[in-house]
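Written out below as structure tokens is the structure these notes cover.
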Amino acid sequence: MEISGRNFEITRLVSLFLSPCLLPLLHPVPSSPGASAAAAAGGSAFPPPLLLPLLPPPPLLLPSSSQRWQVAEHIRNDMEFFSADTRGRFLSAIDWLEDWGCSRSFGLGTKLPWDESQVIESLSDSSIYMSFYSIAHLLSSSPSMFDDGAGAGAGAGAGAGAGADMDPHLVPDGEWDFVFLDAPMPDQTVIPKETLKLMRREFKFWYPVDLRVSGKDLIQNHLLFFLYNHIAIFPRDCWPRAVRTNGHVMLNNDKMSKSTGNFLTLREAVDLYSADGMRFALACAGDANEDANFEHSVANSAILKLT
């Protein structure tokens with residue numbers, strides 16, 4: 001379940017601050033046995049900078065064995081999925097997810113700092129943005145989506161909605177580390193220190209993610225990377241607690257499609273059947289990962305029974 005709308009600037013900020021956090025996840029495959037030996041000896045596995053333009057961009061791979069074990073253990077023992085089927089789908093996705101290319105040479109995205117011909121692959125760069133939601137209202141003077149009109153916002157306390165616009169390029173990594181990773185406060189800061197303290201408090205109030213709701217088709221991509229990146233970046237007490245997935249919705253036993261005209265919006269359905277009639281029909285439509293079937297006859301029957 002995504003928060004959408006007017007958050008272009010928030011998304012841009014997330015992209016900019018997430019990349020430094022993500023870099024420990026990425027490691028280039030050594031280009032030669034000599035590079036492998038250097039890496040084993042504690043040196044750098046990166047090809048010499050002067051050779052980079054002469055070589056194809058190195059594939060960037062997620063760590064496999066150790067982090068996969070951590071993710072699998074968290075899925076098995078610590079998370080609530082409200083369905084054995086959903087838990088099984090996550091574990092199956094881990095089994096086939098070996099190495100995943102974490103960069104690509106085209107499209108929108110955050111450029112790799114050491115090779116700007118590459119951008120970070122979107123699933124690796126867009127699955128911890130909910131952490132940014134917890135402090136976004138402190139970094140922009142624009143009204144929060146949760147603003148009640150009185151400037152109160154929806155934070156853990158004072159200060160929500162009282163942010164000031166700033167250029168994210170000017171914010172050093174150390175300030176993000178202080179907010180999200182419990183690092184020490186830098187001596188010199190771009191964001192005022194009191195604001196940084198408030199940002200850390202807001203983040204700790206809202207995190208971890210208690211529940212993420214999404215479609216079953218996202219288990220093997222977005223939702224799995226949502227777990228991988230949280231576990232790789234954040235301490236254990238910030239790892240997600242629960243994920244609930246659902247199937248798609250059919251209308252009168254057929255797939256909903258605008259092109260065929262078999263389509264019904266929530267507003268249209270409420271106008272036709274009332275809110276209570278809709279609730280009744282949806283409750284009878286199905287649950288969990290099975291595709292739900294909304295039927296006009298059930299909604300019409302509900303109206304008759306409710307009146």
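Residue numbering restarts at 1 for every chain of the structure tokens, chains are lettered A, B, ... in their displayed order, and ligands are numbered from 1 as they appear.
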Near Asn262 (chain A), within 12 Å and counting only C-alpha atoms, which residues show up once chain neighbours fewer than 5 positions away are dropped, as a list in words?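 Within the cut-off, the hits are Val249, Met250, Leu251, Asn252, Asn253, Asp254, Lys255, Met256, Ser257, Phe294, Glu295 and His296 of chain A.
With CA of Lys204 (chain A) on one side and CA of Pro186 (chain A) on the other, the separation reads 19.0 Å.
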Could you list, as a PyMOL selection string, every residue within 10 Å of Leu112 (chain A), counting only C-alpha atoms and ignoring same-chain residues fewer than 2 positions away? chain A and resi 19-20+23+103-104+109-110+114-121
Within 7 Å of Phe203 (chain A) using only C-alpha atoms, minus same-chain residues under 5 positions, as a list in words: Ser131, Ser134 and Ile135 of chain A
Extract the full set of strand (DSSP E) residues from region 91-278 of chain A according to DSSP on the backbone, and format it as a PyMOL selection string. chain A and resi 103-104+111-112+115-120+212-215+243-246+249-251+254-255
Using CA of Val213 (chain A) and CA of His230 (chain A) as the two end points, give the distance in Å to one decimal. 16.3 Å
Between CA of Ser124 (chain A) and CA of Ala84 (chain A), measure the distance and give it in Å to one decimal.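 Result for CA of Ser124 (chain A) versus CA of Ala84 (chain A): 26.6 Å, one decimal.
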Going by DSSP on the backbone, which bits of region 114-238 of chain A are alpha helix (DSSP H)? Write them as number ranges by chain, please. A: 129-133, 173-181, 193-206, 224-233
Can you tell me which residues surround Val298 (chain A) at a distance of at most 10 Å, considering only C-alpha atoms, apart from same-chain residues fewer than 5 positions away, and format the answer as a short mmCIF file (atom, residue, chain, number, x, y, z; two decimals) with N, CA and C atoms, in the first residue's frame?
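Okay, around23.cif is ready:
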data_model
loop_
_atom_site.label_atom_id
_atom_site.label_comp_id
_atom_site.auth_asym_id
_atom_site.auth_seq_id
_atom_site.Cartn_x
_atom_site.Cartn_y
_atom_site.Cartn_z
N ASN A 252 -17.50 -9.79 -11.06
CA ASN A 252 -18.42 -10.77 -11.64
C ASN A 252 -17.67 -11.89 -12.36
N GLY A 277 -23.28 -1.66 1.92
CA GLY A 277 -23.45 -2.69 0.90
C GLY A 277 -22.11 -3.13 0.32
N MET A 278 -21.21 -2.16 0.14
CA MET A 278 -19.86 -2.47 -0.34
C MET A 278 -19.10 -3.35 0.65
N PHE A 280 -20.28 -5.39 2.83
CA PHE A 280 -20.86 -6.73 2.83
C PHE A 280 -20.35 -7.53 1.63
N ALA A 281 -20.39 -6.91 0.45
CA ALA A 281 -19.96 -7.61 -0.77
C ALA A 281 -18.47 -7.92 -0.73
N LEU A 282 -17.67 -7.01 -0.22
CA LEU A 282 -16.22 -7.25 -0.14
C LEU A 282 -15.90 -8.35 0.87
N CYS A 284 -17.65 -10.88 1.47
CA CYS A 284 -18.01 -12.15 0.84
C CYS A 284 -17.15 -12.46 -0.39
N ALA A 285 -16.31 -11.51 -0.81
CA ALA A 285 -15.60 -11.65 -2.07
C ALA A 285 -14.41 -12.60 -1.98
N ILE A 303 -28.00 -4.82 0.06
CA ILE A 303 -28.86 -3.64 0.23
C ILE A 303 -30.24 -4.05 0.72
#
Distance criterion (only C-alpha atoms): nearest to Asp217 (chain A) out of A:Ala275, A:Ile75, A:Val270, A:Ala93: A:Ala93
From A:Leu181, A:Cys238, A:Ala288, A:Leu198, residue lying nearest Lys216 (chain A) [only C-alpha atoms]: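 Among the listed residues, A:Ala288 lies closest to Lys216 (chain A).
Proximity to Glu73 (chain A) at 12 Å, evaluated using only C-alpha atoms and with sequence-adjacent residues fewer than 2 positions away removed, yields Ser66, Gln67, Arg68, Trp69, Gln70, Val71, Ile75, Arg76, Asn77, Asp78, Met79, Arg87, Phe90, Leu91, Ile94, Leu227, Tyr228 and Ile231 of chain A.
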